[in-house]
$ cat start14.pdb   # PDB, C-alpha atoms
ATOM      1  CA  MET A   1     -18.855  10.477 -14.120  1.00  0.00           C
ATOM      2  CA  LYS A   2     -16.912  10.644 -17.356  1.00  0.00           C
ATOM      3  CA  ALA A   3     -14.011  13.083 -17.329  1.00  0.00           C
ATOM      4  CA  THR A   4     -14.045  15.849 -19.894  1.00  0.00           C
ATOM      5  CA  GLU A   5     -10.943  16.697 -21.886  1.00  0.00           C
ATOM      6  CA  GLN A   6     -10.630  19.895 -19.844  1.00  0.00           C
ATOM      7  CA  THR A   7     -10.680  17.889 -16.584  1.00  0.00           C
ATOM      8  CA  ILE A   8      -7.940  15.585 -17.839  1.00  0.00           C
ATOM      9  CA  GLN A   9      -5.855  18.595 -18.895  1.00  0.00           C
ATOM     10  CA  GLN A  10      -6.290  20.260 -15.487  1.00  0.00           C
ATOM     11  CA  ILE A  11      -5.251  17.120 -13.596  1.00  0.00           C
ATOM     12  CA  THR A  12      -2.298  16.559 -15.941  1.00  0.00           C
ATOM     13  CA  ARG A  13      -1.195  20.164 -15.385  1.00  0.00           C
ATOM     14  CA  ALA A  14      -1.359  19.584 -11.597  1.00  0.00           C
ATOM     15  CA  ILE A  15       0.787  16.444 -11.966  1.00  0.00           C
ATOM     16  CA  ARG A  16       3.272  18.439 -14.049  1.00  0.00           C
ATOM     17  CA  LYS A  17       3.428  21.141 -11.358  1.00  0.00           C
ATOM     18  CA  ILE A  18       4.132  18.470  -8.733  1.00  0.00           C
ATOM     19  CA  ALA A  19       6.926  17.108 -10.932  1.00  0.00           C
ATOM     20  CA  ASP A  20       8.312  20.636 -11.338  1.00  0.00           C
ATOM     21  CA  LYS A  21       8.615  20.940  -7.526  1.00  0.00           C
ATOM     22  CA  PHE A  22      10.621  17.710  -7.360  1.00  0.00           C
ATOM     23  CA  PRO A  23      12.798  17.701 -10.509  1.00  0.00           C
ATOM     24  CA  ALA A  24      14.670  14.479 -11.157  1.00  0.00           C
ATOM     25  CA  SER A  25      17.992  16.299 -11.401  1.00  0.00           C
ATOM     26  CA  THR A  26      18.081  17.336  -7.730  1.00  0.00           C
ATOM     27  CA  GLU A  27      18.975  15.273  -4.681  1.00  0.00           C
ATOM     28  CA  ALA A  28      16.153  12.994  -3.540  1.00  0.00           C
ATOM     29  CA  THR A  29      13.873  14.413  -0.879  1.00  0.00           C
ATOM     30  CA  LEU A  30      12.757  12.312   2.057  1.00  0.00           C
ATOM     31  CA  LEU A  31       9.021  12.268   1.483  1.00  0.00           C
ATOM     32  CA  THR A  32       6.654   9.339   1.682  1.00  0.00           C
ATOM     33  CA  ASP A  33       3.472  10.589   0.035  1.00  0.00           C
ATOM     34  CA  ILE A  34       1.973  13.210  -2.227  1.00  0.00           C
ATOM     35  CA  HIS A  35      -1.435  13.948  -0.709  1.00  0.00           C
ATOM     36  CA  ILE A  36      -4.101  15.033  -3.187  1.00  0.00           C
ATOM     37  CA  ARG A  37      -7.184  16.569  -1.606  1.00  0.00           C
ATOM     38  CA  VAL A  38     -10.334  17.049  -3.620  1.00  0.00           C
ATOM     39  CA  THR A  39     -13.246  19.170  -2.420  1.00  0.00           C
ATOM     40  CA  GLN A  40     -16.596  18.156  -3.842  1.00  0.00           C
ATOM     41  CA  GLU A  41     -18.302  21.527  -3.319  1.00  0.00           C
ATOM     42  CA  THR A  42     -15.604  23.757  -4.845  1.00  0.00           C
ATOM     43  CA  GLY A  43     -14.020  21.325  -7.300  1.00  0.00           C
ATOM     44  CA  GLU A  44     -10.644  22.214  -5.847  1.00  0.00           C
ATOM     45  CA  LEU A  45      -7.738  19.791  -6.182  1.00  0.00           C
ATOM     46  CA  VAL A  46      -4.810  20.580  -3.882  1.00  0.00           C
ATOM     47  CA  ALA A  47      -1.571  18.610  -3.574  1.00  0.00           C
ATOM     48  CA  PHE A  48       0.385  18.588  -0.297  1.00  0.00           C
ATOM     49  CA  ASP A  49       3.586  17.044   0.965  1.00  0.00           C
ATOM     50  CA  ASP A  50       3.851  15.009   4.191  1.00  0.00           C
ATOM     51  CA  ASP A  51       4.188  18.173   6.282  1.00  0.00           C
ATOM     52  CA  ASP A  52       0.948  19.608   4.862  1.00  0.00           C
ATOM     53  CA  ASN A  53       2.824  22.176   2.763  1.00  0.00           C
ATOM     54  CA  GLU A  54       0.909  23.022  -0.384  1.00  0.00           C
ATOM     55  CA  ILE A  55       2.607  21.940  -3.611  1.00  0.00           C
ATOM     56  CA  THR A  56      -0.024  23.047  -6.130  1.00  0.00           C
ATOM     57  CA  ARG A  57      -3.730  23.668  -6.518  1.00  0.00           C
ATOM     58  CA  CYS A  58      -6.285  23.948  -9.274  1.00  0.00           C
ATOM     59  CA  VAL A  59     -10.040  24.016  -9.683  1.00  0.00           C
ATOM     60  CA  VAL A  60     -11.619  21.280 -11.781  1.00  0.00           C
ATOM     61  CA  GLU A  61     -14.750  22.949 -13.096  1.00  0.00           C
ATOM     62  CA  GLN A  62     -16.499  19.641 -13.810  1.00  0.00           C
ATOM     63  CA  TRP A  63     -16.337  18.797 -10.096  1.00  0.00           C
ATOM     64  CA  ILE A  64     -17.799  22.058  -8.735  1.00  0.00           C
ATOM     65  CA  ASP A  65     -20.985  21.324  -6.742  1.00  0.00           C
ATOM     66  CA  ASN A  66     -20.926  17.708  -7.841  1.00  0.00           C
ATOM     67  CA  LYS A  67     -23.554  15.865  -5.788  1.00  0.00           C
ATOM     68  CA  ASP A  68     -22.798  12.316  -6.976  1.00  0.00           C
ATOM     69  CA  ASP A  69     -22.764   9.717  -4.211  1.00  0.00           C
ATOM     70  CA  ASP A  70     -19.863   7.963  -5.912  1.00  0.00           C
ATOM     71  CA  PHE A  71     -17.882  11.190  -6.409  1.00  0.00           C
ATOM     72  CA  TYR A  72     -14.689   9.981  -4.735  1.00  0.00           C
ATOM     73  CA  SER A  73     -14.656   6.622  -6.509  1.00  0.00           C
ATOM     74  CA  SER A  74     -15.089   8.409  -9.855  1.00  0.00           C
ATOM     75  CA  VAL A  75     -12.380  10.931  -8.987  1.00  0.00           C
ATOM     76  CA  THR A  76     -10.085   8.087  -7.901  1.00  0.00           C
ATOM     77  CA  THR A  77     -10.391   6.413 -11.298  1.00  0.00           C
ATOM     78  CA  ILE A  78      -9.920   9.678 -13.209  1.00  0.00           C
ATOM     79  CA  ILE A  79      -6.840  10.825 -11.274  1.00  0.00           C
ATOM     80  CA  ARG A  80      -5.308   7.331 -11.321  1.00  0.00           C
ATOM     81  CA  LYS A  81      -5.654   7.174 -15.115  1.00  0.00           C
ATOM     82  CA  CYS A  82      -4.055  10.619 -15.464  1.00  0.00           C
ATOM     83  CA  ILE A  83      -1.131   9.560 -13.293  1.00  0.00           C
ATOM     84  CA  GLU A  84      -0.731   6.349 -15.280  1.00  0.00           C
ATOM     85  CA  LYS A  85      -0.744   8.322 -18.556  1.00  0.00           C
ATOM     86  CA  ASN A  86       2.034  10.464 -17.071  1.00  0.00           C
ATOM     87  CA  LYS A  87       3.771   7.519 -15.430  1.00  0.00           C
ATOM     88  CA  LYS A  88       7.249   8.551 -16.508  1.00  0.00           C
ATOM     89  CA  MET A  89       6.820  12.001 -14.959  1.00  0.00           C
ATOM     90  CA  ALA A  90       5.253  10.604 -11.755  1.00  0.00           C
ATOM     91  CA  GLU A  91       8.031   8.061 -11.306  1.00  0.00           C
ATOM     92  CA  SER A  92      10.921  10.449 -11.910  1.00  0.00           C
ATOM     93  CA  LEU A  93      10.303  12.770  -8.959  1.00  0.00           C
ATOM     94  CA  SER A  94      13.348  13.441  -6.779  1.00  0.00           C
ATOM     95  CA  ILE A  95      11.734  11.657  -3.838  1.00  0.00           C
ATOM     96  CA  LEU A  96      13.203   8.589  -2.156  1.00  0.00           C
ATOM     97  CA  LYS A  97      11.306   5.452  -3.151  1.00  0.00           C
ATOM     98  CA  PRO A  98       8.845   4.159  -2.199  1.00  0.00           C
ATOM     99  CA  TYR A  99       6.377   7.034  -2.299  1.00  0.00           C
ATOM    100  CA  SER A 100       2.677   7.217  -3.040  1.00  0.00           C
ATOM    101  CA  PHE A 101       0.049   9.484  -4.490  1.00  0.00           C
ATOM    102  CA  VAL A 102      -2.839   9.388  -2.021  1.00  0.00           C
ATOM    103  CA  LEU A 103      -6.358  10.790  -2.483  1.00  0.00           C
ATOM    104  CA  GLU A 104      -7.877  12.457   0.576  1.00  0.00           C
ATOM    105  CA  ASP A 105     -11.229  14.050   1.315  1.00  0.00           C
ATOM    106  CA  ASP A 106     -11.855  17.468   2.909  1.00  0.00           C
ATOM    107  CA  ASP A 107     -11.229  16.026   6.370  1.00  0.00           C
ATOM    108  CA  LYS A 108      -7.773  14.752   5.389  1.00  0.00           C
ATOM    109  CA  GLU A 109      -9.046  11.171   5.531  1.00  0.00           C
ATOM    110  CA  THR A 110      -7.474   8.795   3.014  1.00  0.00           C
ATOM    111  CA  VAL A 111      -9.955   7.809   0.317  1.00  0.00           C
ATOM    112  CA  ALA A 112      -7.646   5.768  -1.908  1.00  0.00           C
ATOM    113  CA  GLU A 113      -4.046   5.074  -2.702  1.00  0.00           C
ATOM    114  CA  LEU A 114      -3.813   6.265  -6.289  1.00  0.00           C
ATOM    115  CA  TYR A 115      -0.343   5.213  -7.324  1.00  0.00           C
ATOM    116  CA  VAL A 116       2.716   3.724  -5.634  1.00  0.00           C
ATOM    117  CA  VAL A 117       6.154   4.488  -6.991  1.00  0.00           C
ATOM    118  CA  ASP A 118       8.380   1.594  -6.087  1.00  0.00           C
ATOM    119  CA  ASP A 119      10.359  -0.895  -8.070  1.00  0.00           C
ATOM    120  CA  ASP A 120       8.409  -3.865  -6.677  1.00  0.00           C
ATOM    121  CA  THR A 121       4.845  -2.626  -6.067  1.00  0.00           C
ATOM    122  CA  ILE A 122       2.055  -1.815  -8.503  1.00  0.00           C
ATOM    123  CA  ILE A 123      -1.522  -0.799  -7.716  1.00  0.00           C
ATOM    124  CA  ILE A 124      -4.043  -2.189 -10.177  1.00  0.00           C
ATOM    125  CA  ASP A 125      -7.169  -0.190 -10.984  1.00  0.00           C
ATOM    126  CA  PRO A 126     -10.172  -1.971  -9.401  1.00  0.00           C
ATOM    127  CA  GLU A 127     -12.079  -1.680 -12.695  1.00  0.00           C
ATOM    128  CA  LEU A 128      -9.612  -4.127 -14.201  1.00  0.00           C
ATOM    129  CA  MET A 129     -10.379  -6.550 -11.402  1.00  0.00           C
ATOM    130  CA  THR A 130     -14.169  -6.591 -11.933  1.00  0.00           C
ATOM    131  CA  GLY A 131     -15.352 -10.196 -12.291  1.00  0.00           C
ATOM    132  CA  LEU A 132     -11.974 -11.671 -11.420  1.00  0.00           C
ATOM    133  CA  ASP A 133     -13.373 -13.638  -8.453  1.00  0.00           C
ATOM    134  CA  LYS A 134     -15.955 -15.321 -10.663  1.00  0.00           C
ATOM    135  CA  ASP A 135     -13.358 -16.069 -13.347  1.00  0.00           C
ATOM    136  CA  LEU A 136     -11.044 -17.644 -10.760  1.00  0.00           C
ATOM    137  CA  ASP A 137     -13.899 -19.660  -9.234  1.00  0.00           C
ATOM    138  CA  ASP A 138     -14.907 -20.936 -12.689  1.00  0.00           C
ATOM    139  CA  PHE A 139     -11.296 -21.813 -13.467  1.00  0.00           C
ATOM    140  CA  ILE A 140     -10.842 -23.758 -10.212  1.00  0.00           C
ATOM    141  CA  GLU A 141     -14.170 -25.548 -10.695  1.00  0.00           C
ATOM    142  CA  LYS A 142     -13.081 -26.585 -14.209  1.00  0.00           C
ATOM    143  CA  LEU A 143      -9.753 -27.872 -12.860  1.00  0.00           C
ATOM    144  CA  MET A 144     -11.490 -29.862 -10.138  1.00  0.00           C
ATOM    145  CA  LYS A 145     -13.729 -31.580 -12.698  1.00  0.00           C
ATOM    146  CA  GLU A 146     -10.712 -32.695 -14.720  1.00  0.00           C
TER     147      GLU A 146
END
$ encode --input "start14.pdb" --output "structure tokens"
Amino acid sequence: MKATEQTIQQITRAIRKIADKFPASTEATLLTDIHIRVTQETGELVAFDDDDNEITRCVVEQWIDNKDDDFYSSVTTIIRKCIEKNKKMAESLSILKPYSFVLEDDDKETVAELYVVDDDTIIIDPELMTGLDKDLDDFIEKLMKE
């Protein structure tokens, strides 16, 4: 699924609302994760804190009644890219590091870790890693021949 411009704007607005709840100028909150729940039937995206308190919500029209089998993997890529585009905002929340943005399904089960905010840890989008195993195998085989 390719995200429409409207979808990207809606997700970016949700990220901005999360940032507004945790402005960088205030004392850091003890929080470990921002939980983002996406509902496939309604297209609803809701962000929660660790105590299941709602931070923000929006409806992504493109996702309403989406029947794709790979819905959550597509959503993971889309949300991750939006967070990365707004990296400065996502990393300046008044939350003690490290903290994560985590994607969950309707049943509150973790689908993917979207983004980790820490000075030492980075999550790489799996799309960037496609074919890496083969490239490494080819490289090692070439070294062994020499």
$ atom_distance --input "start14.pdb" --atom1 "atom CA of Leu30 of chain A" --atom2 "atom CA of Leu96 of chain A"
5.6 Å
$ closest_atom_pairs --input "start14.pdb" --of "segment 34-123 of chain A" --to "segment 14-17 of chain A" --cutoff "7 Å" --atoms "all atoms listed in the file" --output "Markdown table"
| residue | atom | partner | partner_atom | distance |
| --- | --- | --- | --- | --- |
| A:Thr56 | CA | A:Lys17 | CA | 6.5 |
| A:Arg57 | CA | A:Ala14 | CA | 6.9 |
| A:Cys58 | CA | A:Ala14 | CA | 7.0 |
$ closest_residue --input "start14.pdb" --among "A:Asp118, A:Glu146, A:Glu27, A:Asp51" --to "Ser100 of chain A" --atoms "all atoms listed in the file"
A:Asp118
$ atom_distance --input "start14.pdb" --atom1 "atom CA of Val75 of chain A" --atom2 "atom CA of Thr29 of chain A"
27.7 Å
$ atom_distance --input "start14.pdb" --atom1 "atom CA of Val60 of chain A" --atom2 "atom CA of Val117 of chain A"
24.9 Å
$ resolve_selection --input "start14.pdb" --expression "the PyMOL selection byres ((chain A and resi 86) around 12)" --output "count of residues only"
25
$ resolve_selection --input "start14.pdb" --expression "the PyMOL selection byres ((chain A and resi 2) around 9)" --output "PyMOL selection string"
chain A and resi 1+3-4+74+78
$ residues_around --input "start14.pdb" --residues "Asp52 of chain A" --least-positions-apart "3" --cutoff "12 Å" --atoms "all atoms listed in the file" --output "list in words"
Leu31, Asp33, Ile34, His35, Ile36, Arg37, Val46, Ala47, Phe48, Asp49, Ile55, Thr56 and Lys108 of chain A
$ decode --input "start14.pdb" --residues "segment 3-50 of chain A" --atoms "C-alpha atoms" --output "PDB file, in the first residue's frame"
ATOM      1  CA  ALA A   3       0.529   6.190   1.396  1.00  0.00           C
ATOM      2  CA  THR A   4      -1.391   9.132   0.020  1.00  0.00           C
ATOM      3  CA  GLU A   5      -0.349  12.681   0.812  1.00  0.00           C
ATOM      4  CA  GLN A   6      -3.402  12.966   3.068  1.00  0.00           C
ATOM      5  CA  THR A   7      -2.321   9.859   5.025  1.00  0.00           C
ATOM      6  CA  ILE A   8       1.163  11.270   5.541  1.00  0.00           C
ATOM      7  CA  GLN A   9      -0.320  14.578   6.715  1.00  0.00           C
ATOM      8  CA  GLN A  10      -2.642  12.814   9.180  1.00  0.00           C
ATOM      9  CA  ILE A  11       0.187  10.746  10.675  1.00  0.00           C
ATOM     10  CA  THR A  12       2.461  13.800  10.859  1.00  0.00           C
ATOM     11  CA  ARG A  13      -0.300  15.726  12.646  1.00  0.00           C
ATOM     12  CA  ALA A  14      -0.617  12.850  15.163  1.00  0.00           C
ATOM     13  CA  ILE A  15       3.154  12.939  15.770  1.00  0.00           C
ATOM     14  CA  ARG A  16       2.938  16.705  16.289  1.00  0.00           C
ATOM     15  CA  LYS A  17       0.118  16.239  18.818  1.00  0.00           C
ATOM     16  CA  ILE A  18       2.243  13.699  20.703  1.00  0.00           C
ATOM     17  CA  ALA A  19       5.117  16.197  20.743  1.00  0.00           C
ATOM     18  CA  ASP A  20       2.739  18.895  22.012  1.00  0.00           C
ATOM     19  CA  LYS A  21       1.854  16.682  25.017  1.00  0.00           C
ATOM     20  CA  PHE A  22       5.537  16.292  25.900  1.00  0.00           C
ATOM     21  CA  PRO A  23       7.141  19.670  25.084  1.00  0.00           C
ATOM     22  CA  ALA A  24      10.917  19.746  25.291  1.00  0.00           C
ATOM     23  CA  SER A  25      10.864  22.706  27.665  1.00  0.00           C
ATOM     24  CA  THR A  26       9.273  20.794  30.558  1.00  0.00           C
ATOM     25  CA  GLU A  27      10.868  18.361  32.985  1.00  0.00           C
ATOM     26  CA  ALA A  28      11.367  14.892  31.509  1.00  0.00           C
ATOM     27  CA  THR A  29       8.583  12.418  32.157  1.00  0.00           C
ATOM     28  CA  LEU A  30       9.335   8.850  33.150  1.00  0.00           C
ATOM     29  CA  LEU A  31       7.816   6.994  30.228  1.00  0.00           C
ATOM     30  CA  THR A  32       9.273   4.125  28.262  1.00  0.00           C
ATOM     31  CA  ASP A  33       7.085   3.899  25.169  1.00  0.00           C
ATOM     32  CA  ILE A  34       4.577   5.705  23.005  1.00  0.00           C
ATOM     33  CA  HIS A  35       2.108   3.010  21.951  1.00  0.00           C
ATOM     34  CA  ILE A  36       0.461   3.568  18.575  1.00  0.00           C
ATOM     35  CA  ARG A  37      -2.572   1.387  17.927  1.00  0.00           C
ATOM     36  CA  VAL A  38      -4.000   1.074  14.453  1.00  0.00           C
ATOM     37  CA  THR A  39      -7.391  -0.486  13.750  1.00  0.00           C
ATOM     38  CA  GLN A  40      -7.723  -1.991  10.301  1.00  0.00           C
ATOM     39  CA  GLU A  41     -11.530  -1.816  10.142  1.00  0.00           C
ATOM     40  CA  THR A  42     -11.966   1.813  11.247  1.00  0.00           C
ATOM     41  CA  GLY A  43      -8.650   3.275  10.101  1.00  0.00           C
ATOM     42  CA  GLU A  44      -8.203   4.719  13.567  1.00  0.00           C
ATOM     43  CA  LEU A  45      -4.723   5.563  14.836  1.00  0.00           C
ATOM     44  CA  VAL A  46      -4.557   6.132  18.595  1.00  0.00           C
ATOM     45  CA  ALA A  47      -1.451   6.953  20.632  1.00  0.00           C
ATOM     46  CA  PHE A  48      -1.207   5.928  24.299  1.00  0.00           C
ATOM     47  CA  ASP A  49       1.323   6.287  27.074  1.00  0.00           C
ATOM     48  CA  ASP A  50       2.576   3.376  29.213  1.00  0.00           C
TER      49      ASP A  50
END
